[in-house]
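Heads up, model_24.txt below (compact mmCIF, C-alpha atoms and all ligand atoms):
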```
# COMPACT_ATOMS: atom_id res chain seq x y z
CA MET A 1 95.18 30.81 54.69
CA GLU A 2 94.82 31.37 50.93
CA PRO A 3 97.45 33.80 49.55
CA LEU A 4 96.15 37.29 48.72
CA ARG A 5 95.21 37.88 45.10
CA ILE A 6 96.62 41.00 43.50
CA CYS A 7 95.64 42.48 40.19
CA VAL A 8 98.22 44.86 38.65
CA LEU A 9 96.78 47.03 35.88
CA GLY A 10 99.43 48.19 33.39
CA LEU A 11 102.50 46.03 32.72
CA GLY A 12 105.05 48.71 31.86
CA TYR A 13 108.22 49.88 33.59
CA ILE A 14 106.54 49.93 37.01
CA GLY A 15 103.67 47.44 36.72
CA LEU A 16 105.69 44.51 35.40
CA PRO A 17 108.53 44.68 37.97
CA THR A 18 105.94 45.19 40.74
CA ALA A 19 103.76 42.29 39.57
CA SER A 20 106.69 39.87 39.26
CA LEU A 21 108.23 40.93 42.55
CA LEU A 22 104.92 40.38 44.38
CA ALA A 23 104.50 36.99 42.69
CA THR A 24 107.91 35.87 43.96
CA LYS A 25 106.86 37.02 47.46
CA GLY A 26 104.02 34.49 47.42
CA PHE A 27 101.06 36.64 46.31
CA ARG A 28 98.88 35.31 43.48
CA VAL A 29 99.24 38.00 40.85
CA LEU A 30 97.28 38.72 37.71
CA GLY A 31 99.02 41.26 35.48
CA VAL A 32 96.63 43.10 33.19
CA ASP A 33 97.53 44.94 30.02
CA VAL A 34 95.35 46.13 27.17
CA ASN A 35 98.03 45.03 24.68
CA PRO A 36 97.57 41.30 23.85
CA ASP A 37 101.19 41.02 22.62
CA VAL A 38 102.46 42.11 26.03
CA VAL A 39 100.16 39.58 27.72
CA GLU A 40 101.33 36.78 25.44
CA THR A 41 105.02 37.67 25.95
CA ILE A 42 104.70 37.64 29.74
CA ASN A 43 102.73 34.39 29.82
CA ARG A 44 105.68 32.86 27.93
CA GLY A 45 107.95 34.04 30.76
CA ALA A 46 109.58 36.66 28.52
CA ILE A 47 109.65 40.49 28.77
CA HIS A 48 108.97 43.42 26.46
CA ILE A 49 110.97 46.10 28.32
CA LYS A 50 114.59 46.31 29.38
CA GLU A 51 115.63 46.47 33.00
CA PRO A 52 118.53 44.65 34.67
CA GLU A 53 117.50 41.21 36.01
CA LEU A 54 113.82 41.72 35.20
CA ASP A 55 113.91 38.82 32.71
CA ILE A 56 115.04 36.39 35.41
CA LEU A 57 112.42 37.62 37.89
CA VAL A 58 109.55 37.42 35.39
CA ARG A 59 110.61 33.96 34.23
CA SER A 60 110.68 32.60 37.77
CA ALA A 61 107.42 34.37 38.70
CA VAL A 62 105.63 32.85 35.69
CA HIS A 63 107.15 29.39 36.22
CA SER A 64 106.09 29.40 39.89
CA GLY A 65 102.49 29.77 38.69
CA ASN A 66 102.02 32.92 40.80
CA LEU A 67 102.14 35.36 37.89
CA LYS A 68 99.70 35.23 35.01
CA ALA A 69 98.83 37.94 32.50
CA ALA A 70 95.48 38.76 30.88
CA THR A 71 93.81 41.61 29.03
CA GLU A 72 90.98 41.90 31.58
CA PRO A 73 91.10 42.13 35.39
CA SER A 74 89.42 39.59 37.61
CA GLU A 75 88.47 39.43 41.31
CA ALA A 76 91.29 40.23 43.75
CA GLU A 77 91.80 41.61 47.23
CA ILE A 78 94.22 44.29 46.02
CA PHE A 79 94.24 46.24 42.74
CA ILE A 80 97.32 48.24 41.77
CA ILE A 81 96.95 50.80 38.97
CA ALA A 82 100.31 51.41 37.28
CA VAL A 83 99.33 52.89 33.92
CA PRO A 84 100.99 55.84 32.15
CA THR A 85 100.00 59.47 32.75
CA PRO A 86 101.44 61.29 29.76
CA PHE A 87 100.52 64.85 28.90
CA MET A 88 98.43 66.18 26.07
CA GLU A 89 98.51 69.46 24.14
CA GLY A 90 99.31 72.41 26.37
CA HIS A 91 101.08 70.14 28.90
CA ARG A 92 97.78 69.07 30.45
CA PRO A 93 97.91 65.60 32.03
CA ASP A 94 96.11 62.83 30.18
CA LEU A 95 94.24 60.85 32.83
CA SER A 96 92.35 58.66 30.37
CA TYR A 97 94.49 55.56 31.12
CA ILE A 98 93.71 55.87 34.84
CA GLU A 99 90.01 56.32 34.10
CA ALA A 100 90.01 53.28 31.80
CA ALA A 101 91.83 51.11 34.37
CA THR A 102 89.41 52.23 37.11
CA ALA A 103 86.43 51.43 34.88
CA ALA A 104 87.90 48.02 34.07
CA LEU A 105 88.44 47.01 37.70
CA ALA A 106 85.14 48.42 39.04
CA PRO A 107 83.01 45.32 38.19
CA CYS A 108 85.55 43.06 40.01
CA LEU A 109 85.58 45.12 43.20
CA ARG A 110 84.21 43.62 46.43
CA LYS A 111 83.70 44.85 49.98
CA GLY A 112 87.04 45.23 51.84
CA ASP A 113 89.18 45.41 48.66
CA LEU A 114 92.08 47.85 48.40
CA VAL A 115 92.71 49.93 45.27
CA ILE A 116 96.15 51.52 45.00
CA LEU A 117 97.03 54.17 42.45
CA GLU A 118 100.79 54.09 41.76
CA SER A 119 100.76 56.15 38.56
CA THR A 120 102.20 59.63 38.94
CA SER A 121 99.14 61.86 39.19
CA PRO A 122 98.12 65.49 39.59
CA VAL A 123 96.74 66.45 43.00
CA GLY A 124 93.13 65.27 43.36
CA THR A 125 93.36 62.23 41.06
CA THR A 126 93.04 59.60 43.81
CA ASP A 127 89.87 61.30 45.06
CA ARG A 128 88.56 61.13 41.49
CA VAL A 129 89.35 57.39 41.26
CA SER A 130 87.44 56.91 44.50
CA MET A 131 84.46 58.91 43.17
CA GLN A 132 84.47 56.97 39.89
CA LEU A 133 84.37 53.67 41.82
CA ARG A 134 81.57 54.90 44.11
CA GLU A 135 79.53 55.90 41.07
CA ALA A 136 80.18 52.59 39.30
CA ARG A 137 79.47 50.53 42.42
CA PRO A 138 76.78 52.21 44.59
CA ASP A 139 76.21 48.76 46.11
CA LEU A 140 79.61 49.13 47.84
CA VAL A 141 78.76 52.50 49.43
CA ASP A 142 77.23 52.49 52.88
CA GLY A 143 75.79 55.95 53.65
CA GLU A 144 78.78 58.33 53.41
CA ASN A 145 81.37 55.58 53.51
CA ALA A 146 82.71 53.32 50.83
CA THR A 147 83.28 49.71 51.91
CA PHE A 148 86.50 49.55 49.88
CA PHE A 149 89.80 51.41 50.33
CA VAL A 150 91.54 53.76 47.87
CA THR A 151 95.14 54.95 48.33
CA HIS A 152 97.86 56.70 46.40
CA CYS A 153 101.34 55.27 46.68
CA PRO A 154 103.65 56.87 44.12
CA GLU A 155 106.50 54.81 42.70
CA ARG A 156 109.91 56.44 42.98
CA VAL A 157 112.24 53.84 41.48
CA LEU A 158 115.14 54.82 39.27
CA PRO A 159 115.27 53.10 35.86
CA GLY A 160 118.27 50.76 35.89
CA ARG A 161 117.81 50.04 39.62
CA ILE A 162 114.08 49.30 39.68
CA LEU A 163 114.10 45.86 41.32
CA ARG A 164 116.31 46.96 44.16
CA GLU A 165 114.57 50.27 44.74
CA LEU A 166 111.08 48.67 44.71
CA VAL A 167 112.07 46.94 47.92
CA GLU A 168 114.55 49.33 49.50
CA ASN A 169 113.04 52.78 48.89
CA ASP A 170 110.90 54.45 51.51
CA ARG A 171 107.27 54.62 50.35
CA ILE A 172 104.74 57.39 50.81
CA VAL A 173 101.22 56.05 51.32
CA GLY A 174 98.24 58.42 51.29
CA GLY A 175 94.65 57.21 51.43
CA VAL A 176 91.43 59.05 50.64
CA ASP A 177 90.60 58.39 54.31
CA PRO A 178 92.61 57.07 57.30
CA PRO A 179 91.39 53.44 56.97
CA SER A 180 92.60 53.43 53.33
CA THR A 181 96.02 54.73 54.40
CA GLU A 182 96.18 52.04 57.09
CA ALA A 183 95.19 49.21 54.72
CA ALA A 184 97.80 50.19 52.12
CA SER A 185 100.54 50.74 54.73
CA ARG A 186 99.98 47.20 56.03
CA PHE A 187 100.33 45.84 52.50
CA TYR A 188 103.56 47.70 51.63
CA ARG A 189 105.15 46.69 54.93
CA THR A 190 104.93 43.05 53.78
CA PHE A 191 107.55 43.56 51.06
CA VAL A 192 109.23 46.96 51.49
CA SER A 193 112.36 47.13 53.65
CA GLY A 194 112.40 50.95 53.57
CA GLU A 195 110.10 53.08 55.74
CA VAL A 196 106.40 53.26 54.92
CA LEU A 197 105.32 56.87 55.52
CA ALA A 198 101.62 57.54 56.03
CA THR A 199 99.86 60.72 54.87
CA ASP A 200 96.73 61.71 52.91
CA ALA A 201 96.18 61.17 49.18
CA ARG A 202 96.71 64.79 48.08
CA THR A 203 100.00 65.15 49.95
CA ALA A 204 101.22 61.83 48.55
CA GLU A 205 100.39 62.95 45.00
CA MET A 206 102.16 66.28 45.48
CA ALA A 207 105.19 64.65 47.14
CA LYS A 208 105.95 62.64 44.02
CA LEU A 209 105.57 65.67 41.75
CA VAL A 210 107.71 67.76 44.06
CA GLU A 211 110.56 65.23 44.19
CA ASN A 212 110.96 65.28 40.42
CA SER A 213 110.39 69.04 40.18
CA TYR A 214 113.07 69.59 42.82
CA ARG A 215 115.55 67.69 40.68
CA ASP A 216 114.43 69.43 37.50
CA VAL A 217 114.80 72.88 39.09
CA ASN A 218 118.28 72.02 40.32
CA ILE A 219 119.38 70.67 36.94
CA ALA A 220 118.01 73.87 35.37
CA PHE A 221 120.34 75.84 37.63
CA ALA A 222 123.30 73.75 36.39
CA ASN A 223 122.19 74.14 32.77
CA GLU A 224 121.88 77.90 33.17
CA LEU A 225 125.39 77.97 34.64
CA SER A 226 126.70 76.09 31.61
CA ILE A 227 125.31 78.74 29.27
CA LEU A 228 126.63 81.59 31.43
CA SER A 229 130.05 79.89 31.67
CA HIS A 230 130.24 79.56 27.91
CA ARG A 231 129.57 83.28 27.60
CA PHE A 232 132.19 84.14 30.24
CA GLY A 233 134.83 81.73 28.88
CA ILE A 234 134.75 79.56 32.00
CA ASN A 235 134.87 75.75 32.22
CA VAL A 236 131.53 74.94 33.89
CA TRP A 237 132.69 71.54 35.16
CA GLU A 238 135.59 73.11 37.01
CA LEU A 239 133.30 75.88 38.26
CA ILE A 240 130.80 73.42 39.73
CA ARG A 241 133.50 71.19 41.18
CA LEU A 242 135.00 74.18 43.00
CA ALA A 243 131.66 75.64 44.18
CA ASN A 244 130.64 72.21 45.51
CA HIS A 245 133.55 72.34 47.96
CA HIS A 246 131.41 74.75 49.96
CA PRO A 247 129.81 72.69 52.72
CA ARG A 248 126.27 73.85 51.86
CA VAL A 249 126.48 73.89 48.06
CA SER A 250 125.72 70.84 45.92
CA ILE A 251 125.14 71.82 42.30
CA LEU A 252 124.02 69.07 39.90
CA GLN A 253 125.49 68.45 36.45
CA PRO A 254 124.56 70.27 33.26
CA GLY A 255 123.77 68.21 30.18
CA ALA A 256 122.13 68.25 26.76
CA GLY A 257 118.75 68.75 28.45
CA VAL A 258 116.60 66.67 30.78
CA GLY A 259 115.11 63.43 29.49
CA GLY A 260 113.26 60.37 30.68
CA HIS A 261 109.57 60.02 31.31
CA CYS A 262 109.55 61.70 34.74
CA LEU A 263 111.54 64.88 35.21
CA ALA A 264 110.52 66.27 31.84
CA VAL A 265 106.84 65.50 32.48
CA ASP A 266 105.88 65.66 36.18
CA PRO A 267 106.64 69.36 36.81
CA TRP A 268 104.05 70.23 34.16
CA PHE A 269 101.39 68.50 36.31
CA ILE A 270 102.00 71.17 38.94
CA VAL A 271 102.24 74.00 36.43
CA SER A 272 99.02 73.07 34.65
CA SER A 273 97.11 72.93 37.97
CA ALA A 274 98.42 76.32 39.15
CA PRO A 275 99.95 78.25 36.25
CA GLU A 276 100.13 81.63 38.04
CA ASP A 277 101.87 80.29 41.10
CA ALA A 278 104.28 77.65 39.75
CA ARG A 279 106.67 80.21 38.26
CA LEU A 280 110.05 78.74 39.22
CA ILE A 281 108.98 75.22 38.23
CA ARG A 282 107.77 76.41 34.82
CA THR A 283 110.90 78.49 34.14
CA SER A 284 113.12 75.53 35.04
CA ARG A 285 111.29 73.38 32.51
CA GLU A 286 111.83 76.09 29.92
CA VAL A 287 115.54 76.40 30.76
CA ASN A 288 116.04 72.62 30.49
CA GLU A 289 114.08 72.37 27.25
CA GLY A 290 115.99 75.34 25.81
CA LYS A 291 119.32 73.75 26.65
CA THR A 292 118.84 71.06 24.01
CA ARG A 293 118.39 73.57 21.19
CA TRP A 294 121.33 75.58 22.56
CA VAL A 295 123.58 72.54 22.12
CA VAL A 296 122.27 72.05 18.57
CA GLU A 297 122.92 75.70 17.72
CA ARG A 298 126.47 75.52 19.05
CA ALA A 299 127.21 72.46 16.95
CA LEU A 300 125.64 74.00 13.84
CA ASP A 301 127.58 77.19 14.35
CA ARG A 302 130.85 75.24 14.34
CA ALA A 303 129.77 72.99 11.48
CA ARG A 304 129.08 76.01 9.24
CA ARG A 305 132.77 76.91 9.39
CA PHE A 306 133.66 73.68 7.53
CA ARG A 307 132.94 72.51 4.03
CA ASP A 308 131.24 69.06 4.29
CA PRO A 309 132.12 68.53 7.93
CA VAL A 310 131.98 65.14 9.63
CA VAL A 311 130.18 65.57 12.95
CA ALA A 312 130.38 62.74 15.51
CA VAL A 313 127.58 62.52 18.06
CA LEU A 314 128.52 60.57 21.19
CA GLY A 315 125.53 59.18 23.11
CA LEU A 316 121.83 58.96 22.27
CA THR A 317 120.09 57.65 25.41
CA TYR A 318 118.40 59.85 27.99
CA LYS A 319 121.09 59.33 30.61
CA PRO A 320 124.43 57.52 31.02
CA ASP A 321 124.93 53.75 30.95
CA ILE A 322 121.39 52.69 30.06
CA ASP A 323 119.70 51.87 26.75
CA ASP A 324 116.54 53.90 27.40
CA LEU A 325 115.67 56.48 24.73
CA ARG A 326 112.49 57.91 26.26
CA GLU A 327 112.34 61.72 25.85
CA SER A 328 116.08 61.68 25.21
CA PRO A 329 117.54 65.15 24.60
CA ALA A 330 120.64 63.52 23.06
CA LEU A 331 118.48 61.78 20.47
CA GLU A 332 116.79 65.11 19.78
CA VAL A 333 120.18 66.75 19.20
CA ALA A 334 121.27 63.90 16.91
CA ARG A 335 118.07 64.14 14.87
CA ALA A 336 118.42 67.91 14.52
CA LEU A 337 122.06 67.63 13.42
CA ILE A 338 121.26 64.89 10.91
CA ALA A 339 118.56 67.15 9.45
CA GLU A 340 120.47 70.41 9.55
CA VAL A 341 124.22 69.78 9.13
CA GLU A 342 125.47 70.15 5.58
CA GLY A 343 127.92 67.30 5.82
CA GLU A 344 127.96 63.88 7.47
CA VAL A 345 126.75 63.01 10.97
CA LEU A 346 128.06 59.82 12.63
CA ALA A 347 126.19 58.71 15.73
CA CYS A 348 127.59 56.35 18.32
CA ASP A 349 125.99 54.75 21.37
CA PRO A 350 127.60 51.59 22.78
CA ASN A 351 124.48 50.91 24.90
CA LEU A 352 122.19 50.45 21.92
CA ARG A 353 122.36 47.03 20.35
CA VAL A 354 119.31 47.53 18.18
CA PHE A 355 118.53 50.93 16.71
CA GLU A 356 116.73 51.35 13.43
CA GLU A 357 116.17 55.06 12.92
CA PHE A 358 119.65 55.78 11.54
CA PRO A 359 122.95 53.86 11.36
CA LEU A 360 125.25 53.73 14.37
CA HIS A 361 129.04 53.83 14.15
CA SER A 362 131.82 52.61 16.39
CA LEU A 363 133.55 55.05 18.73
CA GLU A 364 136.83 54.41 16.90
CA GLU A 365 135.35 55.35 13.53
CA CYS A 366 133.73 58.45 14.99
CA LEU A 367 136.90 59.73 16.58
CA GLU A 368 139.00 58.90 13.56
CA ARG A 369 136.79 60.64 11.02
CA ALA A 370 135.19 63.53 12.89
CA ASP A 371 135.98 67.20 12.40
CA ILE A 372 133.59 68.02 15.23
CA VAL A 373 132.90 65.79 18.25
CA VAL A 374 129.64 66.49 20.12
CA ALA A 375 129.58 64.59 23.43
CA LEU A 376 126.01 64.28 24.70
CA VAL A 377 125.82 61.44 27.24
CA ALA A 378 128.53 60.58 29.78
CA HIS A 379 128.52 56.82 29.07
CA ARG A 380 131.36 54.97 30.73
CA GLU A 381 132.97 54.28 27.32
CA PHE A 382 133.31 58.02 26.74
CA ARG A 383 134.61 59.02 30.15
CA HIS A 384 138.31 58.63 29.42
CA LEU A 385 138.70 59.42 25.76
CA ASP A 386 142.23 59.36 24.40
CA SER A 387 143.26 63.01 24.09
CA GLU A 388 145.56 62.08 21.16
CA LEU A 389 142.49 60.99 19.18
CA LEU A 390 140.73 64.27 20.00
CA LYS A 391 143.64 66.45 18.97
CA ASP A 392 142.75 68.93 16.20
CA ARG A 393 139.03 68.21 16.56
CA VAL A 394 136.44 70.79 17.49
CA ILE A 395 134.92 69.56 20.75
CA ILE A 396 131.45 70.40 22.01
CA ASP A 397 131.11 68.70 25.34
CA ALA A 398 127.56 68.92 26.71
CA CYS A 399 128.06 66.28 29.41
CA GLY A 400 131.54 66.84 30.84
CA VAL A 401 133.42 63.81 29.54
CA ILE A 402 136.21 65.70 27.81
CA ARG A 403 138.18 67.67 30.36
N1 LIG A 501 120.35 64.84 34.71
C1 LIG A 501 121.16 65.95 34.48
N2 LIG A 501 122.01 66.35 35.49
C2 LIG A 501 122.08 65.71 36.68
C3 LIG A 501 121.23 64.58 36.90
C4 LIG A 501 120.37 64.18 35.90
O1 LIG A 501 121.14 66.56 33.42
O2 LIG A 501 122.88 66.13 37.52
C5 LIG A 501 119.44 64.39 33.63
C6 LIG A 501 119.71 62.97 33.15
O3 LIG A 501 120.76 62.95 32.20
C7 LIG A 501 118.37 62.61 32.54
C8 LIG A 501 117.37 63.34 33.46
O4 LIG A 501 118.13 64.31 34.16
O5 LIG A 501 118.25 63.11 31.23
C9 LIG A 501 116.65 62.44 34.44
O6 LIG A 501 117.55 61.51 35.01
P1 LIG A 501 117.53 61.13 36.57
O7 LIG A 501 118.57 60.11 36.79
O8 LIG A 501 117.61 62.37 37.39
O9 LIG A 501 116.08 60.56 36.85
P2 LIG A 501 115.07 59.51 36.14
O10 LIG A 501 114.16 60.27 35.23
O11 LIG A 501 115.80 58.37 35.55
O12 LIG A 501 114.26 59.04 37.43
C10 LIG A 501 113.62 60.02 38.26
C11 LIG A 501 114.03 59.78 39.72
N3 LIG A 501 113.60 60.92 40.51
C12 LIG A 501 114.45 61.58 41.34
O13 LIG A 501 115.62 61.31 41.42
C13 LIG A 501 113.86 62.68 42.16
C14 LIG A 501 113.42 58.48 40.21
O14 LIG A 501 113.68 58.31 41.59
C15 LIG A 501 111.90 58.50 39.98
O15 LIG A 501 111.30 57.27 40.40
C16 LIG A 501 111.67 58.64 38.50
O16 LIG A 501 112.22 59.90 38.10
C17 LIG A 501 110.17 58.57 38.25
O17 LIG A 501 109.69 57.49 37.84
O18 LIG A 501 109.46 59.54 38.55
```
Rewrite the structure from the file as structure tokens, please.
Amino acid sequence: MEPLRICVLGLGYIGLPTASLLATKGFRVLGVDVNPDVVETINRGAIHIKEPELDILVRSAVHSGNLKAATEPSEAEIFIIAVPTPFMEGHRPDLSYIEAATAALAPCLRKGDLVILESTSPVGTTDRVSMQLREARPDLVDGENATFFVTHCPERVLPGRILRELVENDRIVGGVDPPSTEAASRFYRTFVSGEVLATDARTAEMAKLVENSYRDVNIAFANELSILSHRFGINVWELIRLANHHPRVSILQPGAGVGGHCLAVDPWFIVSSAPEDARLIRTSREVNEGKTRWVVERALDRARRFRDPVVAVLGLTYKPDIDDLRESPALEVARALIAEVEGEVLACDPNLRVFEEFPLHSLEECLERADIVVALVAHREFRHLDSELLKDRVIIDACGVIR
């Protein structure tokens, strides 16, 4: 039997790992991206994003001949849409990338094909993809029924662990009709070792949004505690550690805000669809966004008490031990301090090898020269700082590395 052909639309953080993983599992994969530079890079066996071990996987997928990249889709049995869903003004989701990918694949679609939407999407988007395909291809609609399948299967991998989680995580699979759910479930079972959980498209869409909103709401609680603790003269890290000894309490960690392309974005997809009802989710977003400015204000307040202070900023990425800067609150704090401190700001991030926006400094230099140390990301290099070096410095610890 000929191997199944799969067309993956969008070769970003999800599409590229997915395409290369499937190619190494024996599927014939065409990766599609509108950016010709990305296509050229991948066809060379190289990568344009950073993720542990992805370079090795892509190289072997390309060398095996099972992974090719192009700017246009072609015929396949399975189409996977993995394009971005950012938001526009007013936090409304921008679905134009999904619409463009759907339009691009429509001419290649044939009877019996399966279209999977993996992009994080507001409730109702998969139905809209299905409608768009029916309108573009009336020849594939038989009475009420389409002769192709459309399913939502949200990705839930954690940056830094993508390759492992693509295989090991449980997957939620929700079709626009039961045959679509069944077709997609069969496909995911061929390479996922976790459970494949069947539902409908709307529940699958909401499940993904809810998972990230759940985490965002819980981090907002921790961030609110950090502000209250500051006011009450309490160490928030000790407070949370003690409260978490209760068997039914598990408070997350406060920080400089919530970054990345998921937690800071997805809750707005719920809020913008139901603004009157999504009150807790909206407030949590506001608390987490406000936390970043609160950290800036605290640092500025201390800096104003010095003449020409040296302020060291420890950490720029959106979370510990990765080099990803997407929606990073730490970077936002650093930028604000560089703009607003009347003195010198030294930034340090051992995870960033290339960074062009402003100069980076070594941890040693930062600790030696700083009057004020602002710890923003709990990178492993910062977790056990020498207390001798911190003596006589003003410390603002947003991430709990200086106890
Ligand atoms: N953070 C805190 N305190 C905590 C935990 C996290 O402030 O206790 C901050 C981090 O520093 C970071 C942000 O939250 O700025 C997000 O980090 P994260 O590790 O919670 O999540 P992401 O954005 O890297 O990945 C999330 C994951 N979702 C959940 O854990 C529910 C991942 O599984 C999803 O696949 C991913 O979003 C996505 O693509 O949606």
Given only C-alpha atoms as the basis, pick out the residue of A:Asn43, A:Ser193, A:Ser213, A:Thr102 nearest to Phe269 in chain A.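 So, comparing all the options, the nearest one is A:Ser213.
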**Message:** Using all atoms listed in the file, which protein or nucleic acid residues come within 12 Å of range 32-34 of chain A? Drop anything in the same chain fewer than 5 positions from it, and give the result as a ChimeraX atom specification.
**Reply:** /A:6-12,15-16,19,39-43,67-74,79-84,97,100-101,104-105
Serialized selection, C-alpha atoms, as a PDB file, in the coordinates of the input:
```
ATOM      1  CA  ILE A   6      96.620  41.000  43.500  1.00  0.00           C
ATOM      2  CA  CYS A   7      95.640  42.480  40.190  1.00  0.00           C
ATOM      3  CA  VAL A   8      98.220  44.860  38.650  1.00  0.00           C
ATOM      4  CA  LEU A   9      96.780  47.030  35.880  1.00  0.00           C
ATOM      5  CA  GLY A  10      99.430  48.190  33.390  1.00  0.00           C
ATOM      6  CA  LEU A  11     102.500  46.030  32.720  1.00  0.00           C
ATOM      7  CA  GLY A  12     105.050  48.710  31.860  1.00  0.00           C
ATOM      8  CA  GLY A  15     103.670  47.440  36.720  1.00  0.00           C
ATOM      9  CA  LEU A  16     105.690  44.510  35.400  1.00  0.00           C
ATOM     10  CA  ALA A  19     103.760  42.290  39.570  1.00  0.00           C
ATOM     11  CA  VAL A  39     100.160  39.580  27.720  1.00  0.00           C
ATOM     12  CA  GLU A  40     101.330  36.780  25.440  1.00  0.00           C
ATOM     13  CA  THR A  41     105.020  37.670  25.950  1.00  0.00           C
ATOM     14  CA  ILE A  42     104.700  37.640  29.740  1.00  0.00           C
ATOM     15  CA  ASN A  43     102.730  34.390  29.820  1.00  0.00           C
ATOM     16  CA  LEU A  67     102.140  35.360  37.890  1.00  0.00           C
ATOM     17  CA  LYS A  68      99.700  35.230  35.010  1.00  0.00           C
ATOM     18  CA  ALA A  69      98.830  37.940  32.500  1.00  0.00           C
ATOM     19  CA  ALA A  70      95.480  38.760  30.880  1.00  0.00           C
ATOM     20  CA  THR A  71      93.810  41.610  29.030  1.00  0.00           C
ATOM     21  CA  GLU A  72      90.980  41.900  31.580  1.00  0.00           C
ATOM     22  CA  PRO A  73      91.100  42.130  35.390  1.00  0.00           C
ATOM     23  CA  SER A  74      89.420  39.590  37.610  1.00  0.00           C
ATOM     24  CA  PHE A  79      94.240  46.240  42.740  1.00  0.00           C
ATOM     25  CA  ILE A  80      97.320  48.240  41.770  1.00  0.00           C
ATOM     26  CA  ILE A  81      96.950  50.800  38.970  1.00  0.00           C
ATOM     27  CA  ALA A  82     100.310  51.410  37.280  1.00  0.00           C
ATOM     28  CA  VAL A  83      99.330  52.890  33.920  1.00  0.00           C
ATOM     29  CA  PRO A  84     100.990  55.840  32.150  1.00  0.00           C
ATOM     30  CA  TYR A  97      94.490  55.560  31.120  1.00  0.00           C
ATOM     31  CA  ALA A 100      90.010  53.280  31.800  1.00  0.00           C
ATOM     32  CA  ALA A 101      91.830  51.110  34.370  1.00  0.00           C
ATOM     33  CA  ALA A 104      87.900  48.020  34.070  1.00  0.00           C
ATOM     34  CA  LEU A 105      88.440  47.010  37.700  1.00  0.00           C
TER      35      LEU A 105
END
```
Check your understanding: Excluding same-chain residues fewer than 5 positions from range 374-377 of chain A, what lies within 7 Å of it counting only C-alpha atoms, as a list in words?
Key ->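 Final neighbour list, sorted by chain and number: Ala256, Ala312, Val313, Leu314, Gly315, Leu316, Lys319, Pro320, Ala330, Ile395, Ile396, Asp397, Ala398 and Cys399 of chain A.
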The residue from A:Val157, A:Val354, A:Val341, A:Ala184 with the smallest atom-to-atom distance to ligand LIG 501 (chain A), counting all atoms listed in the file, is A:Val157
Mind running chain A against ligand LIG 501 (chain A) at 9 Å and telling me each contacting residue's nearest atom pair with the distance in Å (one decimal), counting all atoms listed in the file, chain and number ascending, as a Markdown table?
```
| residue | atom | partner | partner_atom | distance |
| --- | --- | --- | --- | --- |
| A:Tyr13 | CA | A:LIG501 | O17 | 8.8 |
| A:Ile14 | CA | A:LIG501 | O17 | 8.2 |
| A:Thr120 | CA | A:LIG501 | O18 | 7.3 |
| A:Pro154 | CA | A:LIG501 | O18 | 8.5 |
| A:Glu155 | CA | A:LIG501 | O15 | 5.9 |
| A:Arg156 | CA | A:LIG501 | O15 | 3.0 |
| A:Val157 | CA | A:LIG501 | O15 | 3.7 |
| A:Leu158 | CA | A:LIG501 | C14 | 4.2 |
| A:Pro159 | CA | A:LIG501 | O11 | 5.3 |
| A:Gly160 | CA | A:LIG501 | O11 | 8.0 |
| A:Ile162 | CA | A:LIG501 | O15 | 8.5 |
| A:Glu165 | CA | A:LIG501 | O14 | 8.7 |
| A:Lys208 | CA | A:LIG501 | O18 | 7.2 |
| A:Leu209 | CA | A:LIG501 | O18 | 7.9 |
| A:Val210 | CA | A:LIG501 | C13 | 8.2 |
| A:Glu211 | CA | A:LIG501 | C13 | 4.6 |
| A:Asn212 | CA | A:LIG501 | C13 | 4.3 |
| A:Ser213 | CA | A:LIG501 | C13 | 7.5 |
| A:Tyr214 | CA | A:LIG501 | C13 | 7.0 |
| A:Arg215 | CA | A:LIG501 | C13 | 5.5 |
| A:Asp216 | CA | A:LIG501 | O4 | 7.1 |
| A:Asn218 | CA | A:LIG501 | O2 | 8.0 |
| A:Ile219 | CA | A:LIG501 | N2 | 5.3 |
| A:Ala220 | CA | A:LIG501 | O1 | 8.2 |
| A:Ala222 | CA | A:LIG501 | N2 | 7.6 |
| A:Asn223 | CA | A:LIG501 | O1 | 7.7 |
| A:Ile251 | CA | A:LIG501 | O2 | 7.8 |
| A:Leu252 | CA | A:LIG501 | O2 | 4.0 |
| A:Gln253 | CA | A:LIG501 | O2 | 3.7 |
| A:Pro254 | CA | A:LIG501 | O1 | 5.0 |
| A:Gly255 | CA | A:LIG501 | O1 | 4.5 |
| A:Ala256 | CA | A:LIG501 | O1 | 6.9 |
| A:Gly257 | CA | A:LIG501 | O1 | 5.9 |
| A:Val258 | CA | A:LIG501 | O5 | 3.9 |
| A:Gly259 | CA | A:LIG501 | O5 | 3.6 |
| A:Gly260 | CA | A:LIG501 | O10 | 4.6 |
| A:His261 | CA | A:LIG501 | O10 | 6.0 |
| A:Cys262 | CA | A:LIG501 | O18 | 4.4 |
| A:Leu263 | CA | A:LIG501 | O10 | 5.3 |
| A:Ala264 | CA | A:LIG501 | C8 | 7.6 |
| A:Val265 | CA | A:LIG501 | O18 | 8.9 |
| A:Asp266 | CA | A:LIG501 | O18 | 7.5 |
| A:Asn288 | CA | A:LIG501 | O1 | 8.4 |
| A:Thr317 | CA | A:LIG501 | O5 | 8.2 |
| A:Tyr318 | CA | A:LIG501 | O5 | 4.6 |
| A:Lys319 | CA | A:LIG501 | O3 | 4.0 |
| A:Pro320 | CA | A:LIG501 | O3 | 6.7 |
| A:Glu327 | CA | A:LIG501 | O5 | 8.1 |
| A:Ser328 | CA | A:LIG501 | O5 | 6.6 |
| A:Pro329 | CA | A:LIG501 | O5 | 7.0 |
| A:Ala330 | CA | A:LIG501 | O5 | 8.5 |
| A:Val377 | CA | A:LIG501 | O3 | 7.2 |
| A:Ala378 | CA | A:LIG501 | O3 | 8.5 |
| A:Cys399 | CA | A:LIG501 | O1 | 8.0 |
```
